[in-house]
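S.K.: Take a look at final_32.pdb, PDB, C-alpha atoms, pLDDT in the B column:
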```pdb
ATOM      1  CA  ILE A   1      30.858 -12.095  56.421  1.00 36.00           C
ATOM      2  CA  PRO A   2      27.933 -14.470  55.839  1.00 37.00           C
ATOM      3  CA  ALA A   3      25.374 -12.762  53.642  1.00 36.00           C
ATOM      4  CA  ARG A   4      22.526 -13.587  56.007  1.00 36.00           C
ATOM      5  CA  VAL A   5      23.553 -10.679  58.228  1.00 34.00           C
ATOM      6  CA  ALA A   6      22.274  -8.441  55.445  1.00 37.00           C
ATOM      7  CA  VAL A   7      18.737  -9.867  55.511  1.00 41.00           C
ATOM      8  CA  LYS A   8      17.270  -7.031  57.555  1.00 34.00           C
ATOM      9  CA  ARG A   9      18.868  -4.478  55.267  1.00 34.00           C
ATOM     10  CA  LEU A  10      17.711  -6.184  52.082  1.00 42.00           C
ATOM     11  CA  ARG A  11      14.123  -6.589  53.254  1.00 45.00           C
ATOM     12  CA  ARG A  12      13.590  -2.900  53.919  1.00 38.00           C
ATOM     13  CA  ALA A  13       9.837  -2.826  54.438  1.00 39.00           C
ATOM     14  CA  PRO A  14       8.666  -1.942  57.946  1.00 35.00           C
ATOM     15  CA  ARG A  15       7.148  -4.650  60.088  1.00 35.00           C
ATOM     16  CA  CYS A  16       3.398  -4.773  59.930  1.00 37.00           C
ATOM     17  CA  SER A  17       0.710  -6.985  61.430  1.00 34.00           C
ATOM     18  CA  LYS A  18      -1.267  -7.272  58.190  1.00 39.00           C
ATOM     19  CA  THR A  19      -0.426  -7.385  54.519  1.00 44.00           C
ATOM     20  CA  ARG A  20      -2.410  -5.833  51.722  1.00 47.00           C
ATOM     21  CA  HIS A  21      -3.401  -9.231  50.314  1.00 54.00           C
ATOM     22  CA  MET A  22      -5.637 -11.485  52.353  1.00 52.00           C
ATOM     23  CA  ALA A  23      -6.780 -14.968  51.373  1.00 50.00           C
ATOM     24  CA  ALA A  24     -10.443 -15.784  50.933  1.00 53.00           C
ATOM     25  CA  GLU A  25     -11.864 -18.682  52.928  1.00 66.00           C
ATOM     26  CA  GLN A  26     -12.554 -20.562  49.710  1.00 74.00           C
ATOM     27  CA  PRO A  27      -9.920 -21.093  47.020  1.00 80.00           C
ATOM     28  CA  ARG A  28     -10.295 -19.295  43.717  1.00 82.00           C
ATOM     29  CA  VAL A  29      -9.720 -21.432  40.639  1.00 82.00           C
ATOM     30  CA  LEU A  30      -7.040 -19.831  38.481  1.00 82.00           C
ATOM     31  CA  ASP A  31      -7.029 -22.265  35.565  1.00 75.00           C
ATOM     32  CA  ALA A  32      -9.447 -24.796  34.123  1.00 69.00           C
ATOM     33  CA  ILE A  33      -8.887 -28.476  34.825  1.00 81.00           C
ATOM     34  CA  VAL A  34      -6.359 -29.805  32.312  1.00 79.00           C
ATOM     35  CA  ASP A  35      -4.858 -33.301  32.425  1.00 86.00           C
ATOM     36  CA  GLY A  36      -6.795 -33.933  35.632  1.00 92.00           C
ATOM     37  CA  LEU A  37      -5.244 -30.974  37.485  1.00 95.00           C
ATOM     38  CA  ARG A  38      -6.699 -27.697  38.707  1.00 95.00           C
ATOM     39  CA  PHE A  39      -4.780 -24.661  39.865  1.00 96.00           C
ATOM     40  CA  GLU A  40      -6.244 -22.506  42.617  1.00 95.00           C
ATOM     41  CA  THR A  41      -5.288 -20.003  45.270  1.00 96.00           C
ATOM     42  CA  LEU A  42      -3.886 -21.578  48.412  1.00 96.00           C
ATOM     43  CA  THR A  43      -5.914 -21.175  51.598  1.00 95.00           C
ATOM     44  CA  LEU A  44      -5.076 -21.686  55.256  1.00 95.00           C
ATOM     45  CA  SER A  45      -7.224 -24.815  55.350  1.00 95.00           C
ATOM     46  CA  ARG A  46      -4.591 -26.548  53.189  1.00 96.00           C
ATOM     47  CA  ALA A  47      -1.528 -24.964  54.763  1.00 97.00           C
ATOM     48  CA  GLU A  48      -0.203 -28.194  56.251  1.00 96.00           C
ATOM     49  CA  GLU A  49      -0.363 -29.992  52.914  1.00 96.00           C
ATOM     50  CA  ALA A  50       1.617 -27.209  51.293  1.00 97.00           C
ATOM     51  CA  TYR A  51       4.119 -27.194  54.163  1.00 97.00           C
ATOM     52  CA  ALA A  52       4.786 -30.926  53.803  1.00 96.00           C
ATOM     53  CA  LEU A  53       5.254 -30.573  50.039  1.00 95.00           C
ATOM     54  CA  GLN A  54       7.640 -27.643  50.397  1.00 95.00           C
ATOM     55  CA  ALA A  55       9.802 -29.333  53.020  1.00 94.00           C
ATOM     56  CA  GLU A  56      10.104 -32.536  50.983  1.00 92.00           C
ATOM     57  CA  ALA A  57      10.904 -30.680  47.774  1.00 91.00           C
ATOM     58  CA  PHE A  58      13.412 -28.323  49.373  1.00 88.00           C
ATOM     59  CA  ALA A  59      15.219 -31.352  50.843  1.00 90.00           C
ATOM     60  CA  ASP A  60      15.975 -32.326  47.242  1.00 87.00           C
ATOM     61  CA  GLU A  61      17.230 -28.840  46.324  1.00 82.00           C
ATOM     62  CA  PRO A  62      20.460 -29.503  44.354  1.00 82.00           C
ATOM     63  CA  ALA A  63      22.844 -27.150  46.159  1.00 80.00           C
ATOM     64  CA  SER A  64      21.675 -28.303  49.576  1.00 77.00           C
ATOM     65  CA  ALA A  65      21.898 -31.966  48.581  1.00 82.00           C
ATOM     66  CA  PHE A  66      25.425 -31.396  47.293  1.00 82.00           C
ATOM     67  CA  THR A  67      26.735 -30.342  50.698  1.00 77.00           C
ATOM     68  CA  LEU A  68      24.795 -32.801  52.881  1.00 84.00           C
ATOM     69  CA  ALA A  69      24.278 -36.382  51.724  1.00 86.00           C
ATOM     70  CA  ASP A  70      21.976 -37.367  54.607  1.00 91.00           C
ATOM     71  CA  ARG A  71      18.505 -36.637  53.253  1.00 92.00           C
ATOM     72  CA  ALA A  72      16.818 -37.151  56.618  1.00 94.00           C
ATOM     73  CA  ALA A  73      19.017 -34.437  58.104  1.00 93.00           C
ATOM     74  CA  ARG A  74      18.289 -32.167  55.143  1.00 92.00           C
ATOM     75  CA  LEU A  75      14.566 -32.734  55.572  1.00 94.00           C
ATOM     76  CA  GLU A  76      14.670 -31.693  59.215  1.00 94.00           C
ATOM     77  CA  GLU A  77      16.404 -28.443  58.254  1.00 93.00           C
ATOM     78  CA  CYS A  78      13.915 -27.826  55.470  1.00 93.00           C
ATOM     79  CA  LYS A  79      10.968 -28.387  57.807  1.00 95.00           C
ATOM     80  CA  ARG A  80      12.284 -25.693  60.138  1.00 95.00           C
ATOM     81  CA  PHE A  81      12.900 -23.301  57.267  1.00 94.00           C
ATOM     82  CA  SER A  82       9.577 -23.918  55.511  1.00 95.00           C
ATOM     83  CA  GLY A  83       7.675 -23.639  58.777  1.00 95.00           C
ATOM     84  CA  MET A  84       8.589 -19.966  59.047  1.00 95.00           C
ATOM     85  CA  PHE A  85       6.595 -19.163  55.890  1.00 96.00           C
ATOM     86  CA  THR A  86       3.663 -21.581  56.059  1.00 96.00           C
ATOM     87  CA  GLU A  87       1.022 -19.381  57.657  1.00 95.00           C
ATOM     88  CA  GLU A  88       2.043 -16.238  55.778  1.00 96.00           C
ATOM     89  CA  CYS A  89       2.124 -17.842  52.348  1.00 96.00           C
ATOM     90  CA  ALA A  90      -1.035 -19.889  52.833  1.00 95.00           C
ATOM     91  CA  GLY A  91      -2.948 -16.892  54.109  1.00 93.00           C
ATOM     92  CA  ASN A  92      -1.923 -14.009  51.872  1.00 95.00           C
ATOM     93  CA  GLY A  93      -4.098 -14.812  48.849  1.00 95.00           C
ATOM     94  CA  LEU A  94      -1.078 -14.871  46.534  1.00 96.00           C
ATOM     95  CA  SER A  95       0.152 -18.469  46.657  1.00 97.00           C
ATOM     96  CA  VAL A  96      -1.001 -21.156  44.234  1.00 97.00           C
ATOM     97  CA  ALA A  97      -1.819 -24.840  44.707  1.00 97.00           C
ATOM     98  CA  CYS A  98      -2.030 -27.600  42.107  1.00 96.00           C
ATOM     99  CA  ILE A  99      -4.739 -30.118  42.975  1.00 96.00           C
ATOM    100  CA  GLU A 100      -5.327 -33.545  41.462  1.00 95.00           C
ATOM    101  CA  ALA A 101      -9.011 -33.244  40.613  1.00 93.00           C
ATOM    102  CA  SER A 102      -9.917 -36.931  40.979  1.00 95.00           C
ATOM    103  CA  THR A 103      -8.498 -37.241  44.516  1.00 96.00           C
ATOM    104  CA  ASP A 104      -8.476 -33.608  45.716  1.00 96.00           C
ATOM    105  CA  LYS A 105      -4.832 -34.209  46.682  1.00 96.00           C
ATOM    106  CA  MET A 106      -2.362 -31.346  46.523  1.00 97.00           C
ATOM    107  CA  VAL A 107       0.462 -32.321  44.178  1.00 96.00           C
ATOM    108  CA  GLY A 108       2.191 -28.967  43.787  1.00 97.00           C
ATOM    109  CA  ALA A 109       2.454 -25.596  45.485  1.00 97.00           C
ATOM    110  CA  LEU A 110       4.029 -22.237  44.748  1.00 97.00           C
ATOM    111  CA  TRP A 111       4.472 -19.927  47.705  1.00 98.00           C
ATOM    112  CA  ILE A 112       4.360 -16.266  46.712  1.00 98.00           C
ATOM    113  CA  ARG A 113       5.077 -13.379  49.066  1.00 97.00           C
ATOM    114  CA  ASP A 114       5.741  -9.679  48.858  1.00 97.00           C
ATOM    115  CA  PHE A 115       9.440  -9.316  48.034  1.00 97.00           C
ATOM    116  CA  ARG A 116       9.798  -6.608  50.675  1.00 95.00           C
ATOM    117  CA  ALA A 117       7.690  -8.243  53.375  1.00 95.00           C
ATOM    118  CA  PRO A 118       9.608  -8.614  56.659  1.00 94.00           C
ATOM    119  CA  MET A 119      11.002 -12.024  57.401  1.00 92.00           C
ATOM    120  CA  HIS A 120       9.726 -14.164  60.273  1.00 93.00           C
ATOM    121  CA  PRO A 121      10.792 -12.688  63.653  1.00 94.00           C
ATOM    122  CA  SER A 122      12.937 -15.794  64.300  1.00 93.00           C
ATOM    123  CA  PHE A 123      14.410 -15.924  60.793  1.00 92.00           C
ATOM    124  CA  GLU A 124      18.016 -15.134  61.669  1.00 91.00           C
ATOM    125  CA  GLU A 125      17.979 -17.294  64.803  1.00 93.00           C
ATOM    126  CA  ILE A 126      16.594 -20.319  62.961  1.00 93.00           C
ATOM    127  CA  LEU A 127      18.813 -19.804  59.933  1.00 89.00           C
ATOM    128  CA  SER A 128      21.924 -19.697  62.127  1.00 90.00           C
ATOM    129  CA  LYS A 129      21.130 -23.266  63.222  1.00 91.00           C
ATOM    130  CA  LEU A 130      20.633 -24.591  59.687  1.00 89.00           C
ATOM    131  CA  THR A 131      24.281 -25.345  59.037  1.00 84.00           C
ATOM    132  CA  ASN A 132      23.679 -26.842  55.592  1.00 84.00           C
ATOM    133  CA  LEU A 133      20.655 -25.055  54.129  1.00 86.00           C
ATOM    134  CA  GLY A 134      21.939 -21.771  55.514  1.00 87.00           C
ATOM    135  CA  LYS A 135      24.807 -21.857  53.021  1.00 88.00           C
ATOM    136  CA  VAL A 136      22.414 -21.791  50.080  1.00 89.00           C
ATOM    137  CA  ILE A 137      20.360 -19.026  51.691  1.00 90.00           C
ATOM    138  CA  ASP A 138      23.541 -17.005  52.248  1.00 91.00           C
ATOM    139  CA  VAL A 139      24.291 -17.105  48.526  1.00 93.00           C
ATOM    140  CA  LEU A 140      20.675 -16.265  47.731  1.00 93.00           C
ATOM    141  CA  VAL A 141      20.842 -13.187  49.950  1.00 92.00           C
ATOM    142  CA  GLN A 142      24.146 -12.263  48.298  1.00 95.00           C
ATOM    143  CA  VAL A 143      22.403 -12.275  44.914  1.00 97.00           C
ATOM    144  CA  ASP A 144      19.465 -10.335  46.367  1.00 96.00           C
ATOM    145  CA  GLY A 145      21.974  -7.647  47.283  1.00 96.00           C
ATOM    146  CA  MET A 146      23.210  -7.545  43.700  1.00 97.00           C
ATOM    147  CA  TYR A 147      19.607  -7.123  42.554  1.00 97.00           C
ATOM    148  CA  ASP A 148      19.045  -4.304  45.032  1.00 96.00           C
ATOM    149  CA  ALA A 149      22.027  -2.427  43.639  1.00 97.00           C
ATOM    150  CA  LEU A 150      20.563  -2.693  40.135  1.00 97.00           C
ATOM    151  CA  ARG A 151      16.955  -1.993  41.131  1.00 96.00           C
ATOM    152  CA  PRO A 152      17.034   0.674  43.875  1.00 95.00           C
ATOM    153  CA  GLU A 153      13.516   1.746  42.915  1.00 94.00           C
ATOM    154  CA  VAL A 154      11.996  -1.602  43.943  1.00 94.00           C
ATOM    155  CA  VAL A 155      11.268  -0.682  47.549  1.00 90.00           C
ATOM    156  CA  GLY A 156       8.293  -0.823  49.869  1.00 93.00           C
ATOM    157  CA  LEU A 157       5.379  -3.199  50.148  1.00 95.00           C
ATOM    158  CA  GLY A 158       3.196  -3.767  47.107  1.00 95.00           C
ATOM    159  CA  LYS A 159       5.875  -3.113  44.494  1.00 95.00           C
ATOM    160  CA  ALA A 160       7.324  -6.581  43.848  1.00 97.00           C
ATOM    161  CA  ALA A 161       6.144 -10.138  44.455  1.00 98.00           C
ATOM    162  CA  ASP A 162       8.519 -13.043  44.993  1.00 98.00           C
ATOM    163  CA  LEU A 163       7.813 -16.520  43.569  1.00 98.00           C
ATOM    164  CA  TRP A 164       9.446 -17.746  46.747  1.00 96.00           C
ATOM    165  CA  MET A 165       9.238 -21.535  47.030  1.00 96.00           C
ATOM    166  CA  LEU A 166       7.973 -24.090  44.511  1.00 96.00           C
ATOM    167  CA  ALA A 167       7.275 -27.750  45.216  1.00 95.00           C
ATOM    168  CA  VAL A 168       5.949 -30.711  43.253  1.00 95.00           C
ATOM    169  CA  HIS A 169       5.137 -34.090  44.800  1.00 94.00           C
ATOM    170  CA  PRO A 170       7.756 -36.733  43.819  1.00 89.00           C
ATOM    171  CA  ASP A 171       5.118 -38.911  42.142  1.00 91.00           C
ATOM    172  CA  HIS A 172       4.082 -36.023  39.900  1.00 92.00           C
ATOM    173  CA  ARG A 173       7.400 -34.563  38.841  1.00 89.00           C
ATOM    174  CA  ARG A 174       8.379 -34.310  35.172  1.00 86.00           C
ATOM    175  CA  LYS A 175       4.764 -33.596  34.212  1.00 89.00           C
ATOM    176  CA  ASN A 176       5.231 -29.873  33.523  1.00 92.00           C
ATOM    177  CA  ILE A 177       3.549 -28.940  36.818  1.00 96.00           C
ATOM    178  CA  ALA A 178       6.443 -26.725  37.961  1.00 95.00           C
ATOM    179  CA  SER A 179       6.331 -24.741  34.725  1.00 95.00           C
ATOM    180  CA  LYS A 180       2.558 -24.417  34.904  1.00 96.00           C
ATOM    181  CA  LEU A 181       2.722 -23.223  38.524  1.00 96.00           C
ATOM    182  CA  THR A 182       5.331 -20.645  37.536  1.00 97.00           C
ATOM    183  CA  ASP A 183       3.240 -19.372  34.615  1.00 96.00           C
ATOM    184  CA  ILE A 184       0.048 -19.152  36.670  1.00 96.00           C
ATOM    185  CA  GLY A 185       1.792 -17.706  39.714  1.00 97.00           C
ATOM    186  CA  LEU A 186       3.458 -15.031  37.613  1.00 97.00           C
ATOM    187  CA  ALA A 187       0.172 -13.983  36.008  1.00 96.00           C
ATOM    188  CA  HIS A 188      -1.649 -14.105  39.360  1.00 96.00           C
ATOM    189  CA  ALA A 189       0.950 -11.882  41.065  1.00 97.00           C
ATOM    190  CA  HIS A 190       0.773  -9.301  38.288  1.00 96.00           C
ATOM    191  CA  ALA A 191      -3.036  -9.421  38.366  1.00 95.00           C
ATOM    192  CA  ALA A 192      -2.880  -8.813  42.131  1.00 95.00           C
ATOM    193  CA  GLY A 193      -1.240  -5.468  41.397  1.00 95.00           C
ATOM    194  CA  PHE A 194       2.476  -6.166  41.507  1.00 96.00           C
ATOM    195  CA  GLU A 195       4.339  -4.374  38.747  1.00 96.00           C
ATOM    196  CA  VAL A 196       7.459  -6.462  39.382  1.00 97.00           C
ATOM    197  CA  VAL A 197       7.682 -10.205  40.016  1.00 98.00           C
ATOM    198  CA  VAL A 198      10.965 -11.898  40.888  1.00 98.00           C
ATOM    199  CA  LEU A 199      12.107 -15.493  41.182  1.00 98.00           C
ATOM    200  CA  GLU A 200      15.339 -16.699  42.795  1.00 97.00           C
ATOM    201  CA  SER A 201      16.573 -19.911  41.158  1.00 95.00           C
ATOM    202  CA  THR A 202      19.126 -21.988  43.067  1.00 91.00           C
ATOM    203  CA  GLY A 203      19.564 -24.524  40.284  1.00 89.00           C
ATOM    204  CA  ALA A 204      18.837 -25.442  36.700  1.00 91.00           C
ATOM    205  CA  PHE A 205      15.256 -26.661  37.218  1.00 91.00           C
ATOM    206  CA  SER A 206      13.796 -23.434  38.605  1.00 93.00           C
ATOM    207  CA  ALA A 207      15.929 -21.415  36.173  1.00 95.00           C
ATOM    208  CA  ARG A 208      14.363 -23.321  33.302  1.00 95.00           C
ATOM    209  CA  CYS A 209      10.865 -22.526  34.627  1.00 96.00           C
ATOM    210  CA  ALA A 210      11.703 -18.831  34.920  1.00 97.00           C
ATOM    211  CA  ALA A 211      13.122 -18.617  31.412  1.00 97.00           C
ATOM    212  CA  LYS A 212      10.200 -20.555  29.960  1.00 96.00           C
ATOM    213  CA  ALA A 213       7.788 -18.132  31.648  1.00 96.00           C
ATOM    214  CA  GLY A 214       9.485 -15.219  29.893  1.00 96.00           C
ATOM    215  CA  MET A 215      11.334 -13.856  32.918  1.00 97.00           C
ATOM    216  CA  HIS A 216      14.768 -12.266  32.516  1.00 97.00           C
ATOM    217  CA  GLU A 217      17.899 -12.867  34.572  1.00 98.00           C
ATOM    218  CA  ILE A 218      18.887  -9.627  36.314  1.00 98.00           C
ATOM    219  CA  ALA A 219      21.701 -10.799  38.585  1.00 97.00           C
ATOM    220  CA  GLY A 220      23.422 -14.010  39.559  1.00 97.00           C
ATOM    221  CA  ILE A 221      26.613 -15.643  40.695  1.00 95.00           C
ATOM    222  CA  ASP A 222      28.272 -18.918  39.739  1.00 93.00           C
ATOM    223  CA  TYR A 223      28.805 -21.281  42.642  1.00 90.00           C
ATOM    224  CA  ALA A 224      32.421 -21.528  41.457  1.00 90.00           C
ATOM    225  CA  ASP A 225      32.913 -17.742  41.513  1.00 91.00           C
ATOM    226  CA  GLU A 226      35.564 -16.668  44.005  1.00 88.00           C
ATOM    227  CA  ARG A 227      33.197 -13.936  45.259  1.00 89.00           C
ATOM    228  CA  GLN A 228      30.616 -16.512  46.295  1.00 89.00           C
ATOM    229  CA  VAL A 229      30.444 -16.672  50.091  1.00 87.00           C
ATOM    230  CA  HIS A 230      30.595 -20.472  50.547  1.00 87.00           C
ATOM    231  CA  LYS A 231      33.505 -22.012  48.686  1.00 82.00           C
ATOM    232  CA  GLU A 232      32.397 -25.605  49.325  1.00 81.00           C
ATOM    233  CA  LEU A 233      29.506 -25.023  46.917  1.00 85.00           C
ATOM    234  CA  ALA A 234      32.008 -24.477  44.094  1.00 82.00           C
ATOM    235  CA  GLY A 235      31.888 -28.185  43.289  1.00 77.00           C
ATOM    236  CA  LEU A 236      28.451 -27.673  41.784  1.00 75.00           C
ATOM    237  CA  GLN A 237      30.212 -26.417  38.658  1.00 69.00           C
ATOM    238  CA  ALA A 238      30.345 -30.037  37.491  1.00 67.00           C
ATOM    239  CA  THR A 239      26.529 -30.335  37.520  1.00 80.00           C
ATOM    240  CA  PRO A 240      23.752 -28.530  35.616  1.00 86.00           C
ATOM    241  CA  HIS A 241      23.133 -26.474  38.764  1.00 87.00           C
ATOM    242  CA  THR A 242      26.057 -24.098  38.375  1.00 90.00           C
ATOM    243  CA  ARG A 243      24.557 -20.690  39.130  1.00 92.00           C
ATOM    244  CA  LEU A 244      22.173 -18.952  41.527  1.00 94.00           C
ATOM    245  CA  ARG A 245      20.115 -16.304  39.736  1.00 96.00           C
ATOM    246  CA  ILE A 246      17.397 -13.768  40.338  1.00 98.00           C
ATOM    247  CA  TRP A 247      14.894 -13.357  37.525  1.00 98.00           C
ATOM    248  CA  GLU A 248      12.403 -10.572  36.916  1.00 98.00           C
ATOM    249  CA  SER A 249       9.157  -9.879  35.087  1.00 97.00           C
ATOM    250  CA  ARG A 250       7.808  -6.350  34.741  1.00 96.00           C
ATOM    251  CA  ARG A 251       4.341  -5.369  33.706  1.00 90.00           C
ATOM    252  CA  GLU A 252       2.433  -2.112  33.929  1.00 71.00           C
ATOM    253  CA  VAL A 253      -0.598  -2.508  36.156  1.00 55.00           C
ATOM    254  CA  ALA A 254      -3.799  -0.525  36.362  1.00 46.00           C
ATOM    255  CA  ALA A 255      -3.993   2.118  39.063  1.00 46.00           C
ATOM    256  CA  ARG A 256      -5.408   0.701  42.273  1.00 44.00           C
TER     257      ARG A 256
END
```
For the file at hand, write its structure as structure tokens.

M.R.:
Amino acid sequence: IPARVAVKRLRRAPRCSKTRHMAAEQPRVLDAIVDGLRFETLTLSRAEEAYALQAEAFADEPASAFTLADRAARLEECKRFSGMFTEECAGNGLSVACIEASTDKMVGALWIRDFRAPMHPSFEEILSKLTNLGKVIDVLVQVDGMYDALRPEVVGLGKAADLWMLAVHPDHRRKNIASKLTDIGLAHAHAAGFEVVVLESTGAFSARCAAKAGMHEIAGIDYADERQVHKELAGLQATPHTRLRIWESRREVAAR
């Protein structure tokens, strides 16, 4: 059974019209300008920039690219998927943007959401039509289920934050921006009151960022594992992107 049918069960929080974290109208700088870049909270005024970055980056996601060679087709799927999270992640006060100071251009974005926040009302309907990207999401949800079995206490809103989607503009990749976004996003989520922060890595690049940030792998599955729900992804064993993992950081937070 495709793992996506378990999404409602895995995201156990009740539906709500508002979340505890709300974005300010003006971004809050989270790190001083270094190498011409500043890192700040993402606001709704820059939601479309972040959306475009996320869709383009997710189209290059290794597991997705492995199963569908046509990048234009991948990009269309990724636009539909990313669009479900744009308003939420740009407006919750948790997500982080990397801005090129000299041009004020967004060159990186990390979408952060409550790990137990309900998915978009059309999530399952849209995902069912994403015949390529849906395979990767199925495996991700499968690993989420493994995490749930190991961490039954991580329930309810406000307990865990998810470093959900990370993107860097193609012209600015290999400049340590992804690692910096992960570090800053992790610290920002903990400072916002989340005791637990998780990151789901679909390939080697995001796994490297998680490990470098001091996060620990809690659960995962090799794409070549016979238990993995989409056997066509097994061919990834010949690349660096051999395993889908969920990572965790825990930190005691002050009483709110």

S.K.: Taking all atoms listed in the file into account, name the residue in A:Gly145, A:Leu163, A:Val34, A:Leu133 that is nearest to Pro62 in chain A.

M.R.: A:Leu133

S.K.: Taking the file as I've supplied it (selection: the PyMOL selection byres ((chain A and resi 209-218) around 12)), which residues are included? Please answer as a PyMOL selection string.

M.R.: chain A and resi 143-151+163+166+176-187+196-208+219-221+243-251

S.K.: Keeping C-alpha atoms, export the residues of the selection given above as a PDB file, keeping the file's coordinate frame.

M.R.:
```
ATOM      1  CA  VAL A 143      22.403 -12.275  44.914  1.00 97.00           C
ATOM      2  CA  ASP A 144      19.465 -10.335  46.367  1.00 96.00           C
ATOM      3  CA  GLY A 145      21.974  -7.647  47.283  1.00 96.00           C
ATOM      4  CA  MET A 146      23.210  -7.545  43.700  1.00 97.00           C
ATOM      5  CA  TYR A 147      19.607  -7.123  42.554  1.00 97.00           C
ATOM      6  CA  ASP A 148      19.045  -4.304  45.032  1.00 96.00           C
ATOM      7  CA  ALA A 149      22.027  -2.427  43.639  1.00 97.00           C
ATOM      8  CA  LEU A 150      20.563  -2.693  40.135  1.00 97.00           C
ATOM      9  CA  ARG A 151      16.955  -1.993  41.131  1.00 96.00           C
ATOM     10  CA  LEU A 163       7.813 -16.520  43.569  1.00 98.00           C
ATOM     11  CA  LEU A 166       7.973 -24.090  44.511  1.00 96.00           C
ATOM     12  CA  ASN A 176       5.231 -29.873  33.523  1.00 92.00           C
ATOM     13  CA  ILE A 177       3.549 -28.940  36.818  1.00 96.00           C
ATOM     14  CA  ALA A 178       6.443 -26.725  37.961  1.00 95.00           C
ATOM     15  CA  SER A 179       6.331 -24.741  34.725  1.00 95.00           C
ATOM     16  CA  LYS A 180       2.558 -24.417  34.904  1.00 96.00           C
ATOM     17  CA  LEU A 181       2.722 -23.223  38.524  1.00 96.00           C
ATOM     18  CA  THR A 182       5.331 -20.645  37.536  1.00 97.00           C
ATOM     19  CA  ASP A 183       3.240 -19.372  34.615  1.00 96.00           C
ATOM     20  CA  ILE A 184       0.048 -19.152  36.670  1.00 96.00           C
ATOM     21  CA  GLY A 185       1.792 -17.706  39.714  1.00 97.00           C
ATOM     22  CA  LEU A 186       3.458 -15.031  37.613  1.00 97.00           C
ATOM     23  CA  ALA A 187       0.172 -13.983  36.008  1.00 96.00           C
ATOM     24  CA  VAL A 196       7.459  -6.462  39.382  1.00 97.00           C
ATOM     25  CA  VAL A 197       7.682 -10.205  40.016  1.00 98.00           C
ATOM     26  CA  VAL A 198      10.965 -11.898  40.888  1.00 98.00           C
ATOM     27  CA  LEU A 199      12.107 -15.493  41.182  1.00 98.00           C
ATOM     28  CA  GLU A 200      15.339 -16.699  42.795  1.00 97.00           C
ATOM     29  CA  SER A 201      16.573 -19.911  41.158  1.00 95.00           C
ATOM     30  CA  THR A 202      19.126 -21.988  43.067  1.00 91.00           C
ATOM     31  CA  GLY A 203      19.564 -24.524  40.284  1.00 89.00           C
ATOM     32  CA  ALA A 204      18.837 -25.442  36.700  1.00 91.00           C
ATOM     33  CA  PHE A 205      15.256 -26.661  37.218  1.00 91.00           C
ATOM     34  CA  SER A 206      13.796 -23.434  38.605  1.00 93.00           C
ATOM     35  CA  ALA A 207      15.929 -21.415  36.173  1.00 95.00           C
ATOM     36  CA  ARG A 208      14.363 -23.321  33.302  1.00 95.00           C
ATOM     37  CA  ALA A 219      21.701 -10.799  38.585  1.00 97.00           C
ATOM     38  CA  GLY A 220      23.422 -14.010  39.559  1.00 97.00           C
ATOM     39  CA  ILE A 221      26.613 -15.643  40.695  1.00 95.00           C
ATOM     40  CA  ARG A 243      24.557 -20.690  39.130  1.00 92.00           C
ATOM     41  CA  LEU A 244      22.173 -18.952  41.527  1.00 94.00           C
ATOM     42  CA  ARG A 245      20.115 -16.304  39.736  1.00 96.00           C
ATOM     43  CA  ILE A 246      17.397 -13.768  40.338  1.00 98.00           C
ATOM     44  CA  TRP A 247      14.894 -13.357  37.525  1.00 98.00           C
ATOM     45  CA  GLU A 248      12.403 -10.572  36.916  1.00 98.00           C
ATOM     46  CA  SER A 249       9.157  -9.879  35.087  1.00 97.00           C
ATOM     47  CA  ARG A 250       7.808  -6.350  34.741  1.00 96.00           C
ATOM     48  CA  ARG A 251       4.341  -5.369  33.706  1.00 90.00           C
TER      49      ARG A 251
END
```

S.K.: Which one is closest to Phe115 in chain A: A:Ala59, A:Lys79, A:Trp164, A:Thr86? Count only C-alpha atoms.

M.R.: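 Result for the nearest residue to Phe115 in chain A: A:Trp164.
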
S.K.: Identify which of the residues A:Glu88, A:Glu125, A:Asp171, A:Asp138 lies closest to Leu53 in chain A, counting only C-alpha atoms when measuring atom-to-atom distances.

M.R.: A:Asp171

S.K.: I would like the residues chosen by the PyMOL selection byres ((chain A and resi 30) around 10) on the shown file; could you give them as an MDAnalysis selection string?

M.R.: chainID A and resid 27:29 31:33 38:41 96:98 184:185 187:188

S.K.: Just C-alpha atoms for this one: save the residues we selected as a JSON list (two decimals), in the frame of the given file.

M.R.:
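Generated output (out24.json):
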```json
[["chain", "number", "residue", "atom", "x", "y", "z"],
["A", 27, "PRO", "CA", -9.92, -21.09, 47.02],
["A", 28, "ARG", "CA", -10.30, -19.30, 43.72],
["A", 29, "VAL", "CA", -9.72, -21.43, 40.64],
["A", 31, "ASP", "CA", -7.03, -22.26, 35.56],
["A", 32, "ALA", "CA", -9.45, -24.80, 34.12],
["A", 33, "ILE", "CA", -8.89, -28.48, 34.83],
["A", 38, "ARG", "CA", -6.70, -27.70, 38.71],
["A", 39, "PHE", "CA", -4.78, -24.66, 39.86],
["A", 40, "GLU", "CA", -6.24, -22.51, 42.62],
["A", 41, "THR", "CA", -5.29, -20.00, 45.27],
["A", 96, "VAL", "CA", -1.00, -21.16, 44.23],
["A", 97, "ALA", "CA", -1.82, -24.84, 44.71],
["A", 98, "CYS", "CA", -2.03, -27.60, 42.11],
["A", 184, "ILE", "CA", 0.05, -19.15, 36.67],
["A", 185, "GLY", "CA", 1.79, -17.71, 39.71],
["A", 187, "ALA", "CA", 0.17, -13.98, 36.01],
["A", 188, "HIS", "CA", -1.65, -14.10, 39.36]]
```

S.K.: Kindly give the distance, in Å, that separates CA of Tyr223 in chain A and CA of Leu140 in chain A, rounded to a single decimal.

M.R.: 10.8 Å

S.K.: I need the residue set behind the PyMOL selection byres ((chain A and resi 77) around 10) for this file; please write it as a VMD selection string.

M.R.: chain A and resid 55 58 to 59 71 to 76 78 to 83 126 to 127 129 to 134

S.K.: Dig up all the protein and nucleic acid residues within 12 Å of (33.0, -23.7, 44.9) in the file frame, using all atoms listed in the file, and format them as a VMD selection string.

M.R.: chain A and resid 63 66 to 67 135 to 136 139 221 to 239 241 to 243
